[in-house]
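S.K.: mmCIF, C-alpha atoms and all ligand atoms, saved as data_6.cif, coming up:
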data_input
loop_
_atom_site.label_atom_id
_atom_site.label_comp_id
_atom_site.auth_asym_id
_atom_site.auth_seq_id
_atom_site.Cartn_x
_atom_site.Cartn_y
_atom_site.Cartn_z
CA MET A 287 19.40 205.79 20.58
CA LYS A 288 15.97 207.38 20.79
CA HIS A 289 14.71 209.00 23.98
CA SER A 290 11.24 209.74 25.27
CA TRP A 291 9.71 213.18 25.60
CA VAL A 292 8.07 212.20 28.92
CA THR A 293 9.46 213.97 32.00
CA GLY A 294 12.27 212.11 33.72
CA ALA A 295 12.78 209.45 31.06
CA ARG A 296 16.19 210.79 30.00
CA ALA A 297 17.71 210.81 33.47
CA PRO A 298 20.61 208.33 33.55
CA ASP A 299 19.34 206.68 36.75
CA CYS A 300 15.71 206.48 35.60
CA ASP A 301 14.54 202.85 35.57
CA PHE A 302 11.85 203.59 33.02
CA SER A 303 13.63 204.73 29.85
CA LEU A 304 12.14 204.47 26.37
CA ALA A 305 14.11 201.24 25.90
CA ASN A 306 12.26 199.63 28.82
CA LEU A 307 8.45 200.06 28.76
CA PRO A 308 7.58 197.62 31.58
CA TYR A 309 3.95 196.65 32.22
CA GLY A 310 2.08 196.90 35.51
CA VAL A 311 -1.34 197.36 37.08
CA PHE A 312 -2.21 200.55 38.91
CA SER A 313 -5.12 202.51 40.35
CA THR A 314 -5.69 206.15 41.08
CA GLY A 315 -7.92 207.97 43.55
CA GLY A 316 -11.08 207.84 41.51
CA ARG A 317 -10.58 204.74 39.45
CA GLY A 318 -9.86 201.06 39.99
CA PRO A 319 -6.96 198.88 38.82
CA ARG A 320 -6.05 198.79 35.11
CA CYS A 321 -2.95 198.16 33.04
CA GLY A 322 -0.21 200.69 32.43
CA VAL A 323 3.35 201.14 31.21
CA ALA A 324 6.03 202.98 33.19
CA ILE A 325 7.83 205.76 31.33
CA GLY A 326 10.00 208.40 33.03
CA ASN A 327 8.21 209.70 36.13
CA CYS A 328 4.83 208.53 34.85
CA VAL A 329 2.58 205.59 34.22
CA LEU A 330 0.85 205.57 30.86
CA ASP A 331 -2.76 204.38 31.20
CA LEU A 332 -3.21 201.71 28.52
CA ALA A 333 -6.97 201.53 29.05
CA GLU A 334 -7.20 205.25 28.17
CA LEU A 335 -4.90 204.79 25.21
CA ALA A 336 -6.97 201.85 23.93
CA ALA A 337 -10.22 203.82 24.42
CA ALA A 338 -8.71 206.65 22.36
CA GLY A 339 -8.10 204.17 19.54
CA LEU A 340 -4.32 204.53 19.68
CA LEU A 341 -3.43 200.88 20.24
CA PRO A 342 -3.43 198.17 17.57
CA GLY A 343 -5.49 194.99 17.56
CA ALA A 344 -8.58 193.73 19.35
CA ASP A 345 -9.45 194.27 23.02
CA LEU A 346 -6.33 193.28 24.96
CA GLY A 347 -7.92 193.58 28.40
CA PHE A 348 -6.02 196.69 29.44
CA ASP A 349 -9.01 197.80 31.51
CA GLN A 350 -8.63 194.60 33.59
CA PRO A 351 -6.77 194.38 36.93
CA ALA A 352 -4.15 191.95 35.52
CA LEU A 353 -1.96 191.54 32.45
CA ASN A 354 -3.09 187.95 31.83
CA ARG A 355 -5.26 188.58 28.79
CA PHE A 356 -2.54 190.64 27.09
CA MET A 357 0.07 188.02 27.95
CA ALA A 358 -2.08 185.24 26.50
CA ALA A 359 -2.45 187.17 23.21
CA GLY A 360 1.05 186.11 22.14
CA ALA A 361 4.30 187.43 20.76
CA ASP A 362 2.99 189.18 17.64
CA THR A 363 0.59 191.23 19.76
CA TRP A 364 3.31 192.07 22.30
CA ALA A 365 5.60 193.24 19.49
CA ASN A 366 2.89 195.35 17.85
CA VAL A 367 1.96 197.08 21.10
CA ARG A 368 5.62 197.68 22.03
CA SER A 369 6.32 199.17 18.63
CA ARG A 370 3.24 201.42 18.84
CA LEU A 371 4.09 202.61 22.37
CA THR A 372 7.68 203.33 21.33
CA ASP A 373 6.44 205.47 18.44
CA LEU A 374 3.96 207.38 20.64
CA LEU A 375 6.51 208.02 23.41
CA ALA A 376 9.65 208.78 21.37
CA GLU A 377 10.89 212.28 20.67
CA GLY A 378 9.99 212.93 17.04
CA GLY A 379 7.55 209.98 16.97
CA ASP A 380 3.81 209.93 16.30
CA PRO A 381 2.37 213.13 17.89
CA ALA A 382 -1.07 211.61 18.65
CA LEU A 383 -0.40 211.55 22.40
CA ARG A 384 2.39 214.11 22.72
CA GLU A 385 0.38 216.90 21.11
CA ASN A 386 -3.04 216.06 22.54
CA ALA A 387 -3.13 217.93 25.86
CA ALA A 388 -6.48 216.51 26.98
CA LEU A 389 -5.40 212.91 26.34
CA ARG A 390 -2.01 213.51 27.98
CA GLU A 391 -3.82 214.81 31.04
CA ARG A 392 -5.98 211.68 31.24
CA ALA A 393 -3.46 209.03 30.24
CA LEU A 394 -0.10 210.14 31.67
CA ILE A 395 -0.25 209.91 35.45
CA SER A 396 2.55 210.82 37.82
CA LEU A 397 3.95 207.66 39.43
CA ASP A 398 3.58 209.18 42.88
CA LYS A 399 -0.19 209.39 42.33
CA ALA A 400 -0.48 205.76 41.22
CA ARG A 401 -1.07 202.89 43.61
CA MET A 402 0.51 199.70 42.31
CA HIS A 403 -1.14 196.27 42.40
CA LEU A 404 -0.02 192.75 41.57
CA PRO A 405 0.71 192.93 37.82
CA VAL A 406 -0.53 189.44 37.02
CA ASP A 407 -3.12 187.05 38.37
CA VAL A 408 -0.55 184.54 39.64
CA LYS A 409 -1.84 181.04 38.85
CA GLY A 410 1.01 178.98 40.24
CA TYR A 411 4.27 179.80 41.97
CA THR A 412 7.23 177.46 41.70
CA ASP A 413 10.51 178.31 43.34
CA PHE A 414 13.81 176.89 42.13
CA TYR A 415 17.32 176.67 43.54
CA ALA A 416 19.24 177.61 40.39
CA GLY A 417 22.00 179.77 41.86
CA ARG A 418 25.19 177.79 42.23
CA GLN A 419 26.94 179.94 44.83
CA HIS A 420 23.80 179.96 46.98
CA ALA A 421 23.41 176.19 46.72
CA PHE A 422 27.09 175.78 47.55
CA ASN A 423 26.96 178.18 50.50
CA SER A 424 23.74 176.72 51.92
CA GLY A 425 25.04 173.18 51.50
CA SER A 426 28.37 174.13 53.07
CA ILE A 427 26.65 175.62 56.13
CA LEU A 428 24.54 172.47 56.59
CA ARG A 429 26.82 169.66 55.41
CA GLY A 430 30.31 171.09 54.83
CA PRO A 431 31.86 172.16 51.52
CA GLU A 432 32.74 168.66 50.31
CA ASN A 433 29.05 167.62 50.28
CA ALA A 434 27.61 171.06 49.55
CA LEU A 435 25.95 170.29 46.23
CA THR A 436 23.65 167.27 46.15
CA PRO A 437 24.48 164.81 43.31
CA ASN A 438 21.48 165.89 41.23
CA TRP A 439 22.26 169.62 41.37
CA THR A 440 24.48 169.98 38.28
CA HIS A 441 22.10 167.81 36.21
CA MET A 442 18.76 169.56 36.66
CA PRO A 443 17.11 172.59 38.27
CA ILE A 444 15.86 171.67 41.76
CA GLY A 445 12.52 173.24 42.72
CA TYR A 446 9.36 172.97 44.80
CA ASN A 447 5.76 174.08 44.36
CA GLY A 448 5.15 177.24 46.38
CA ARG A 449 2.01 179.20 47.24
CA ALA A 450 0.56 181.50 44.57
CA SER A 451 -1.94 182.78 47.15
CA THR A 452 0.73 184.60 49.15
CA VAL A 453 2.56 186.30 46.27
CA VAL A 454 2.19 190.01 47.11
CA VAL A 455 3.11 193.23 45.38
CA SER A 456 5.87 195.52 46.62
CA GLY A 457 4.71 197.64 49.55
CA THR A 458 2.64 194.91 51.17
CA PRO A 459 3.79 194.44 54.80
CA VAL A 460 5.12 191.01 55.76
CA ARG A 461 4.02 189.54 59.08
CA ARG A 462 6.63 187.50 60.92
CA PRO A 463 5.35 183.91 60.82
CA LEU A 464 4.55 181.65 63.74
CA GLY A 465 5.73 178.10 63.46
CA GLN A 466 7.33 175.03 64.92
CA VAL A 467 11.09 174.92 65.38
CA MET A 468 13.52 172.54 67.04
CA GLY A 469 14.84 173.98 70.29
CA ALA A 470 17.48 172.70 72.72
CA ASP A 471 14.79 170.81 74.69
CA GLY A 472 12.71 169.59 71.77
CA PRO A 473 10.16 171.07 69.40
CA LYS A 474 8.72 174.45 70.38
CA PHE A 475 6.28 176.93 68.92
CA GLY A 476 6.49 180.68 68.45
CA PRO A 477 7.53 183.52 66.14
CA SER A 478 10.38 182.70 63.76
CA GLN A 479 13.66 184.05 65.17
CA ARG A 480 15.51 183.61 61.89
CA LEU A 481 13.54 185.60 59.36
CA ASP A 482 15.45 186.18 56.13
CA ILE A 483 15.25 187.57 52.61
CA GLU A 484 16.11 185.80 49.35
CA VAL A 485 17.14 187.98 46.40
CA GLU A 486 15.66 186.26 43.36
CA PHE A 487 14.55 186.88 39.80
CA GLY A 488 11.03 185.82 38.80
CA ALA A 489 9.96 184.74 35.30
CA ILE A 490 6.34 185.12 34.21
CA VAL A 491 4.82 182.43 32.00
CA ALA A 492 2.55 183.91 29.32
CA LEU A 493 1.58 181.06 27.01
CA PRO A 494 -0.05 177.99 28.55
CA THR A 495 0.65 174.34 27.80
CA GLU A 496 -1.85 171.49 27.62
CA LEU A 497 -1.74 168.63 30.10
CA GLY A 498 0.99 166.30 28.79
CA GLN A 499 2.56 168.89 26.47
CA THR A 500 6.33 169.32 26.69
CA LEU A 501 8.53 172.27 25.66
CA THR A 502 12.05 172.52 24.31
CA VAL A 503 14.22 175.19 25.92
CA ALA A 504 13.78 177.37 22.80
CA GLU A 505 10.00 176.96 22.95
CA ALA A 506 10.04 177.70 26.67
CA TRP A 507 11.79 181.02 25.97
CA ASP A 508 8.94 181.94 23.61
CA HIS A 509 6.38 181.07 26.32
CA LEU A 510 7.84 183.61 28.76
CA PHE A 511 6.53 187.17 28.84
CA GLY A 512 8.99 188.88 31.14
CA PHE A 513 10.62 189.16 34.53
CA VAL A 514 10.08 190.64 38.00
CA LEU A 515 12.19 191.20 41.10
CA LEU A 516 11.30 188.60 43.71
CA ASN A 517 11.99 188.45 47.44
CA ASP A 518 11.26 184.96 48.75
CA TRP A 519 10.93 185.71 52.49
CA SER A 520 12.17 182.69 54.44
CA ALA A 521 11.95 181.53 58.06
CA ARG A 522 15.23 179.62 58.45
CA ASP A 523 14.49 178.05 61.84
CA ILE A 524 11.12 176.69 60.67
CA GLN A 525 12.76 175.55 57.41
CA ARG A 526 15.55 173.73 59.21
CA TRP A 527 13.13 171.61 61.27
CA GLU A 528 10.40 170.98 58.69
CA GLY A 529 12.55 170.61 55.58
CA GLN A 530 13.36 166.90 55.82
CA PRO A 531 12.41 165.01 53.75
CA LEU A 532 10.11 167.04 51.45
CA GLY A 533 11.70 170.50 51.45
CA PRO A 534 10.30 173.92 52.38
CA PHE A 535 6.66 174.27 53.42
CA GLN A 536 5.54 176.80 56.07
CA SER A 537 8.94 178.45 56.11
CA LYS A 538 8.23 179.95 52.67
CA ALA A 539 4.43 180.01 52.51
CA PHE A 540 3.69 183.25 54.39
CA ALA A 541 4.80 185.84 51.77
CA THR A 542 6.69 186.27 48.50
CA SER A 543 7.07 189.88 47.30
CA ILE A 544 7.42 190.85 43.64
CA SER A 545 8.05 194.16 41.89
CA PRO A 546 4.97 195.87 40.43
CA TRP A 547 6.63 196.13 37.01
CA VAL A 548 7.10 193.25 34.59
CA VAL A 549 10.08 193.93 32.33
CA THR A 550 9.59 192.18 29.02
CA ARG A 551 11.92 189.80 27.24
CA ALA A 552 11.95 192.28 24.36
CA ALA A 553 13.34 195.05 26.58
CA LEU A 554 16.12 192.76 27.84
CA GLU A 555 17.05 191.42 24.41
CA GLN A 556 20.41 193.22 24.40
CA CYS A 557 21.15 192.07 27.97
CA ARG A 558 21.28 188.40 26.93
CA ARG A 559 24.46 186.54 27.81
CA PRO A 560 25.86 183.01 27.32
CA GLY A 561 25.42 180.43 30.05
CA PRO A 562 28.01 179.34 32.63
CA LYS A 563 30.73 176.74 32.19
CA ARG A 564 29.17 173.43 33.18
CA ASP A 565 30.56 170.61 35.32
CA ASN A 566 28.90 168.04 33.09
CA ASP A 567 26.86 168.01 29.90
CA LEU A 568 23.17 168.50 30.52
CA LEU A 569 20.73 165.94 29.17
CA PRO A 570 19.50 166.96 25.71
CA TYR A 571 16.10 168.29 26.88
CA LEU A 572 17.92 170.93 29.00
CA GLN A 573 20.57 171.97 26.48
CA GLU A 574 20.30 175.47 25.05
CA GLU A 575 21.20 176.58 21.58
CA ALA A 576 21.04 180.32 22.25
CA ASP A 577 21.98 182.75 25.02
CA TYR A 578 19.18 182.78 27.58
CA PHE A 579 21.06 184.22 30.56
CA LEU A 580 20.68 187.91 31.41
CA ASP A 581 22.95 190.64 32.72
CA VAL A 582 20.70 192.32 35.28
CA LYS A 583 22.25 193.92 38.36
CA LEU A 584 20.37 193.25 41.60
CA GLU A 585 20.67 195.01 44.95
CA ALA A 586 19.01 194.78 48.35
CA HIS A 587 18.87 197.59 50.90
CA LEU A 588 17.81 197.27 54.55
CA ALA A 589 16.37 200.14 56.57
CA PRO A 590 15.83 199.53 60.30
CA GLU A 591 12.68 201.12 61.71
CA GLY A 592 13.11 204.90 61.86
CA ALA A 593 16.48 204.87 60.05
CA ALA A 594 17.23 207.95 57.97
CA GLU A 595 19.02 205.91 55.32
CA ALA A 596 18.86 202.35 54.07
CA SER A 597 22.07 200.29 54.02
CA ARG A 598 22.96 198.26 50.97
CA ILE A 599 23.30 194.64 52.03
CA VAL A 600 23.43 192.74 48.70
CA GLN A 601 24.92 193.40 45.26
CA THR A 602 24.52 190.55 42.82
CA ASN A 603 23.63 189.78 39.19
CA THR A 604 21.29 187.37 37.40
CA ALA A 605 24.31 186.26 35.35
CA TYR A 606 25.40 184.22 38.42
CA LEU A 607 22.58 181.71 37.81
CA TYR A 608 23.41 178.18 36.63
CA TYR A 609 20.05 177.49 34.98
CA SER A 610 18.23 180.01 32.77
CA ALA A 611 14.52 180.86 33.01
CA PRO A 612 13.61 178.80 29.89
CA GLN A 613 15.54 175.85 31.32
CA LEU A 614 13.43 176.11 34.49
CA LEU A 615 10.24 176.17 32.41
CA ALA A 616 11.35 173.36 30.06
CA HIS A 617 12.20 171.20 33.08
CA HIS A 618 8.89 172.06 34.76
CA ALA A 619 6.83 171.14 31.69
CA VAL A 620 8.76 168.03 30.64
CA CYS A 621 6.78 165.70 32.92
CA GLY A 622 3.57 166.93 31.28
CA CYS A 623 2.73 169.46 34.01
CA ARG A 624 0.20 171.96 32.65
CA MET A 625 1.59 175.48 32.71
CA GLN A 626 -0.80 178.43 32.89
CA THR A 627 -0.80 182.07 31.82
CA GLY A 628 0.37 183.89 34.95
CA ASP A 629 2.59 181.17 36.40
CA LEU A 630 5.53 182.59 38.33
CA LEU A 631 8.92 180.82 38.38
CA GLY A 632 11.41 181.98 41.02
CA SER A 633 15.10 181.50 40.21
CA GLY A 634 16.21 180.76 43.76
CA THR A 635 18.56 183.01 45.68
CA ILE A 636 21.20 184.59 43.45
CA SER A 637 24.60 184.85 45.10
CA GLY A 638 27.97 185.83 43.66
CA PRO A 639 31.48 184.97 44.80
CA GLU A 640 32.07 187.55 47.57
CA ARG A 641 30.21 188.05 50.81
CA GLN A 642 28.54 191.28 49.63
CA ASN A 643 27.24 189.28 46.65
CA PHE A 644 25.50 186.70 48.86
CA GLY A 645 21.73 187.03 48.30
CA CYS A 646 20.41 186.29 51.80
CA LEU A 647 21.32 186.91 55.43
CA MET A 648 21.78 183.21 56.17
CA GLU A 649 24.75 183.19 53.82
CA GLN A 650 26.06 186.62 54.84
CA SER A 651 25.94 185.67 58.53
CA TRP A 652 27.15 182.14 57.64
CA GLY A 653 24.26 180.32 59.25
CA GLY A 654 23.82 182.91 62.03
CA ARG A 655 27.45 182.82 63.18
CA ASP A 656 28.53 186.36 62.15
CA GLU A 657 27.01 189.80 62.59
CA VAL A 658 26.44 191.57 59.27
CA ALA A 659 27.40 195.24 59.70
CA LEU A 660 25.06 197.83 58.19
CA GLU A 661 26.86 200.69 56.46
CA HIS A 662 24.68 203.33 58.12
CA GLY A 663 24.88 201.86 61.61
CA GLY A 664 23.87 198.74 63.45
CA SER A 665 24.11 195.15 62.38
CA ARG A 666 21.91 192.16 61.66
CA ILE A 667 22.08 188.39 61.78
CA PHE A 668 18.45 188.00 60.72
CA LEU A 669 15.59 190.49 60.25
CA GLN A 670 14.04 192.42 63.12
CA ASP A 671 10.48 193.70 63.37
CA GLY A 672 10.19 197.10 61.67
CA ASP A 673 12.99 196.35 59.19
CA SER A 674 12.20 197.32 55.63
CA VAL A 675 13.98 195.54 52.77
CA THR A 676 13.96 196.89 49.21
CA LEU A 677 15.20 195.06 46.12
CA THR A 678 16.16 196.98 42.99
CA GLY A 679 17.45 195.74 39.66
CA TRP A 680 18.35 196.98 36.21
CA GLY A 681 19.93 196.07 32.91
CA GLU A 682 21.55 198.68 30.68
CA VAL A 683 21.27 199.25 26.95
CA ASP A 684 23.26 202.10 25.33
CA GLY A 685 23.25 204.06 28.59
CA GLN A 686 19.49 203.64 29.15
CA ARG A 687 18.35 201.71 32.17
CA ILE A 688 16.02 198.76 31.85
CA GLY A 689 14.90 198.93 35.47
CA PHE A 690 12.39 197.08 37.61
CA GLY A 691 11.47 199.81 40.11
CA ARG A 692 11.36 198.66 43.73
CA CYS A 693 10.32 195.49 45.50
CA GLU A 694 9.84 196.48 49.15
CA GLY A 695 8.44 194.84 52.25
CA ARG A 696 8.43 195.78 55.94
CA ILE A 697 8.40 193.24 58.75
CA LEU A 698 5.46 193.39 61.15
CA PRO A 699 5.50 191.60 64.53
CA ALA A 700 4.17 188.04 64.67
CA PRO A 701 0.57 187.44 65.84
CA THR A 702 0.42 187.36 69.64
CA GLN A 703 -1.66 184.17 69.76
CA VAL A 704 -3.09 181.48 67.54
CA GLY A 705 -6.70 181.79 66.48
CA LYS A 706 -7.30 185.31 67.77
CA ALA A 707 -9.66 187.22 65.50
CA PHE A 708 -7.60 188.67 62.64
CA CA B 1 13.75 180.75 47.40
#
How would this structure read if it were set down as structure tokens?
M.R.:
Amino acid sequence: MKHSWVTGARAPDCDFSLANLPYGVFSTGGRGPRCGVAIGNCVLDLAELAAAGLLPGADLGFDQPALNRFMAAGADTWANVRSRLTDLLAEGGDPALRENAALRERALISLDKARMHLPVDVKGYTDFYAGRQHAFNSGSILRGPENALTPNWTHMPIGYNGRASTVVVSGTPVRRPLGQVMGADGPKFGPSQRLDIEVEFGAIVALPTELGQTLTVAEAWDHLFGFVLLNDWSARDIQRWEGQPLGPFQSKAFATSISPWVVTRAALEQCRRPGPKRDNDLLPYLQEEADYFLDVKLEAHLAPEGAAEASRIVQTNTAYLYYSAPQLLAHHAVCGCRMQTGDLLGSGTISGPERQNFGCLMEQSWGGRDEVALEHGGSRIFLQDGDSVTLTGWGEVDGQRIGFGRCEGRILPAPTQVGKAF
């Protein structure tokens, strides 16, 4: 296994090993957003590398504030760039960057000096409900275990169209939403009292489809560029009242946080796993002929305001999903829906079998019934103002981490009145 010569890349807990090379968009003090790759403790400036003539192919838009142009260029281009970057960053590889001090100075920037931005121009955001344990737990809380899964659930991925406009990058504060909820004496209005996280995995669509075009599951896999951590902030009290009959609306529309780094399919190739045992055969358009599930560990940590240490509240794994990312995309496109470069598909909350594997507080507190103890003191049923929640996630290949960095958001108090100047 090759390693990188860049500082920090060999550390066993470093997310950004040579095997990873995730893409993001960053800015520095004097210069606006452009594309980069995380390696060790640094971000490699791809605009600088392209300007120095060290990257293959035509202009890939690395000086742009989004990865969309590069993603639209297709799989051959992605493979060529990945191969070139691996050669430039590997110990014993091409010395063009390693032995050029001036270029290293310009192009390798310490991560703590980089400000991260949304990595893609998100065109559409669709959120699914593809985690079986989460669907079972949520259904059990609402309807009892015997009716937990709706009859359609084991036959197709259930989803809804979310808001691309409120997808935000890690570090963006999340304001507690105002909304309408059902109280003991009828509908009432105010700040959500049941603000929650949802630990999810996001897939980024790279190749578009035409209106009316459909995709097989295998084709859908080829249309995906990579994956991000995703926290689908949720207001459970608003959701409970508004959700019938059309599903979530305002309860999910105020913020969805994603990690700044997009980990590519290529990096996760060795983390692929077979799908779950199924209750029933899927219809042919959803059947998969290869392993499209991934072994990526996911965690969530909660830090109350002023806390010295964050408490781990969730440990789960993308392998707990019932539908894979290409199944979500194939199902989405099969009606003829036009998919766009930069579409984001959320998996839905990913929960495992035990309470510490449950991917949201609603499940961990069993609908608000139980206090969830925090390992470093205190407890929660739902989120309080000032709480900060951080998702992390990583696959592993030959001892090197294929990590996603952090997906963090801190809860700000709700607005004090409607319509007041922002
Ligand atoms: Ca969700």
S.K.: Would you work out the distance separating atom CA of Pro443 of chain A from atom CA of Phe579 of chain A, expressed in Å to one decimal?
M.R.: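 One can read the atom CA of Pro443 of chain A to atom CA of Phe579 of chain A distance as 14.5 Å.
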S.K.: To one decimal in Å, tell me the separation between atom CA of Trp364 of chain A and atom CA of Thr678 of chain A.
M.R.: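 Computing it gives 24.8 Å between the two atoms.
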S.K.: List the neighbours of Gly592 of chain A out to 12 Å using all atoms listed in the file; skip same-chain residues closer than 4 positions along the sequence, and give me the result as a VMD selection string.
M.R.: chain A and resid 588 596 671 to 674 696
S.K.: Please produce an output containing C-alpha atoms for each residue in the selection, written as a compact mmCIF listing (two decimals), in the coordinates of the input.
M.R.:
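Here's the written file out01.txt:
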# COMPACT_ATOMS: atom_id res chain seq x y z
CA LEU A 588 17.81 197.27 54.55
CA ALA A 596 18.86 202.35 54.07
CA ASP A 671 10.48 193.70 63.37
CA GLY A 672 10.19 197.10 61.67
CA ASP A 673 12.99 196.35 59.19
CA SER A 674 12.20 197.32 55.63
CA ARG A 696 8.43 195.78 55.94
S.K.: Check the smallest atom-to-atom distance from each of A:Arg384, A:Arg480, A:Lys563, A:Lys538 to ligand CA 1 (chain B) using only C-alpha atoms and all ligand atoms, then report the winner.
M.R.: A:Lys538
S.K.: List as JSON, numbers by chain the protein and nucleic acid residues lying within 7 Å of ligand CA 1 (chain B), with only C-alpha atoms and all ligand atoms counted.
M.R.: {"A": [413, 414, 415, 484, 518, 632, 634, 635]}
S.K.: At a cut-off of 8 Å, using only C-alpha atoms, what residues contact His420 of chain A? Leave out same-chain residues fewer than 6 positions from it and give the result as a short mmCIF file (atom, residue, chain, number, x, y, z; two decimals) with C-alpha atoms, in the coordinates of the input.
M.R.:
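Once written, selection.cif looks like this:
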data_model
loop_
_atom_site.label_atom_id
_atom_site.label_comp_id
_atom_site.auth_asym_id
_atom_site.auth_seq_id
_atom_site.Cartn_x
_atom_site.Cartn_y
_atom_site.Cartn_z
CA THR A 635 18.56 183.01 45.68
CA ILE A 636 21.20 184.59 43.45
CA SER A 637 24.60 184.85 45.10
CA GLY A 638 27.97 185.83 43.66
CA PHE A 644 25.50 186.70 48.86
CA GLY A 645 21.73 187.03 48.30
CA GLU A 649 24.75 183.19 53.82
#
S.K.: Once you count all atoms listed in the file, which residues end up no further than 8 Å from (5.8, 193.9, 36.4) in the file's frame, shown as a ChimeraX atom specification?
M.R.: /A:308-311,404-406,512-514,545-549,690
S.K.: Have a look at atom CA of Val467 of chain A and atom CA of Leu630 of chain A and let me know their distance in Å, one decimal.
M.R.: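 Distance reported for this atom pair: 28.7 Å.
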S.K.: Counting all atoms listed in the file, which residue out of A:Gly664, A:Met402, A:Ala553, A:Ala586 sits closest to Val683 of chain A?
M.R.: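 Selected residue with least distance to Val683 of chain A: A:Ala553.
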S.K.: With distances taken over all atoms listed in the file, which of A:Ala333, A:Leu677, A:Leu304, A:Leu614 is nearest to Arg392 of chain A?
M.R.: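 Once distances to Arg392 of chain A are computed over all atoms listed in the file, the minimum belongs to A:Ala333.
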S.K.: Can you work out which one of A:Gly465, A:Glu334, A:Glu591, A:Gln536 has the shortest atom-to-atom distance to Ala388 of chain A, counting all atoms listed in the file?
M.R.: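 Looking only at the distances to Ala388 of chain A, the closest residue turns out to be A:Glu334.
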S.K.: Of the candidates A:Asp629, A:Asp345, A:Glu391, A:Glu585, which shows the shortest atom-to-atom distance to Thr412 of chain A, using all atoms listed in the file?
M.R.: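 Among the listed residues, the smallest separation from Thr412 of chain A belongs to A:Asp629.
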S.K.: Which residue is closest to Gly410 of chain A? Choose from A:Thr495, A:Gln626, A:Ser651, A:Gln530 and count all atoms listed in the file.
M.R.: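 Looking only at the distances to Gly410 of chain A, the closest residue turns out to be A:Gln626.
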S.K.: May I have the residues within 7 Å of Asn517 of chain A as a list in words, using all atoms listed in the file and disregarding those fewer than 2 positions away in the same chain?
M.R.: Ile483, Glu484, Val485, Glu486, Leu515, Trp519, Thr542, Ser543 and Ile544 of chain A
S.K.: Please report, as AutoDock Vina command-line options, the centre and edge lengths in Å to one decimal of an axis-aligned box covering all listed atoms of segment 482-487 of chain A with 5 Å per side.
M.R.:
--center_x 15.8 --center_y 186.9 --center_z 48.0 --size_x 12.6 --size_y 12.2 --size_z 26.3
S.K.: Neighbours of Thr458 of chain A within 10 Å (all atoms listed in the file; same-chain residues fewer than 3 positions away dropped), as a list in words?
M.R.: His403, Val453, Val454, Val455, Arg461, Ala541, Thr542, Ser543, Ile544, Cys693, Glu694, Gly695, Arg696 and Ile697 of chain A
S.K.: Could you take the residues named above and write them with C-alpha atoms, as an mmCIF file, in the coordinates of the input?
M.R.:
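Okay, this is what ended up in selection-v8.cif:
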data_model
loop_
_atom_site.group_PDB
_atom_site.id
_atom_site.type_symbol
_atom_site.label_atom_id
_atom_site.label_comp_id
_atom_site.auth_asym_id
_atom_site.auth_seq_id
_atom_site.Cartn_x
_atom_site.Cartn_y
_atom_site.Cartn_z
ATOM 1 C CA HIS A 403 -1.140 196.270 42.400
ATOM 2 C CA VAL A 453 2.560 186.300 46.270
ATOM 3 C CA VAL A 454 2.190 190.010 47.110
ATOM 4 C CA VAL A 455 3.110 193.230 45.380
ATOM 5 C CA ARG A 461 4.020 189.540 59.080
ATOM 6 C CA ALA A 541 4.800 185.840 51.770
ATOM 7 C CA THR A 542 6.690 186.270 48.500
ATOM 8 C CA SER A 543 7.070 189.880 47.300
ATOM 9 C CA ILE A 544 7.420 190.850 43.640
ATOM 10 C CA CYS A 693 10.320 195.490 45.500
ATOM 11 C CA GLU A 694 9.840 196.480 49.150
ATOM 12 C CA GLY A 695 8.440 194.840 52.250
ATOM 13 C CA ARG A 696 8.430 195.780 55.940
ATOM 14 C CA ILE A 697 8.400 193.240 58.750
#
S.K.: Starting from the incomplete input, reconstruct N, CA, C and O atoms of segment 351-356 of chain A and write that as a PDB file, in the frame of the given file.
M.R.:
ATOM      1  N   PRO A 351      -7.760 194.208  35.856  1.00  0.00           N
ATOM      2  CA  PRO A 351      -6.770 194.380  36.930  1.00  0.00           C
ATOM      3  C   PRO A 351      -5.618 193.382  36.870  1.00  0.00           C
ATOM      4  O   PRO A 351      -5.032 193.037  37.905  1.00  0.00           O
ATOM      5  N   ALA A 352      -5.278 192.888  35.684  1.00  0.00           N
ATOM      6  CA  ALA A 352      -4.150 191.950  35.520  1.00  0.00           C
ATOM      7  C   ALA A 352      -3.743 191.937  34.053  1.00  0.00           C
ATOM      8  O   ALA A 352      -4.548 192.236  33.173  1.00  0.00           O
ATOM      9  N   LEU A 353      -2.488 191.564  33.820  1.00  0.00           N
ATOM     10  CA  LEU A 353      -1.960 191.540  32.450  1.00  0.00           C
ATOM     11  C   LEU A 353      -2.249 190.229  31.732  1.00  0.00           C
ATOM     12  O   LEU A 353      -1.819 190.044  30.588  1.00  0.00           O
ATOM     13  N   ASN A 354      -2.978 189.315  32.368  1.00  0.00           N
ATOM     14  CA  ASN A 354      -3.090 187.950  31.830  1.00  0.00           C
ATOM     15  C   ASN A 354      -3.643 187.898  30.414  1.00  0.00           C
ATOM     16  O   ASN A 354      -3.150 187.145  29.578  1.00  0.00           O
ATOM     17  N   ARG A 355      -4.681 188.674  30.123  1.00  0.00           N
ATOM     18  CA  ARG A 355      -5.260 188.580  28.790  1.00  0.00           C
ATOM     19  C   ARG A 355      -4.253 189.056  27.726  1.00  0.00           C
ATOM     20  O   ARG A 355      -4.103 188.440  26.678  1.00  0.00           O
ATOM     21  N   PHE A 356      -3.571 190.135  28.012  1.00  0.00           N
ATOM     22  CA  PHE A 356      -2.540 190.640  27.090  1.00  0.00           C
ATOM     23  C   PHE A 356      -1.415 189.612  26.938  1.00  0.00           C
ATOM     24  O   PHE A 356      -0.946 189.351  25.825  1.00  0.00           O
TER      25      PHE A 356
END
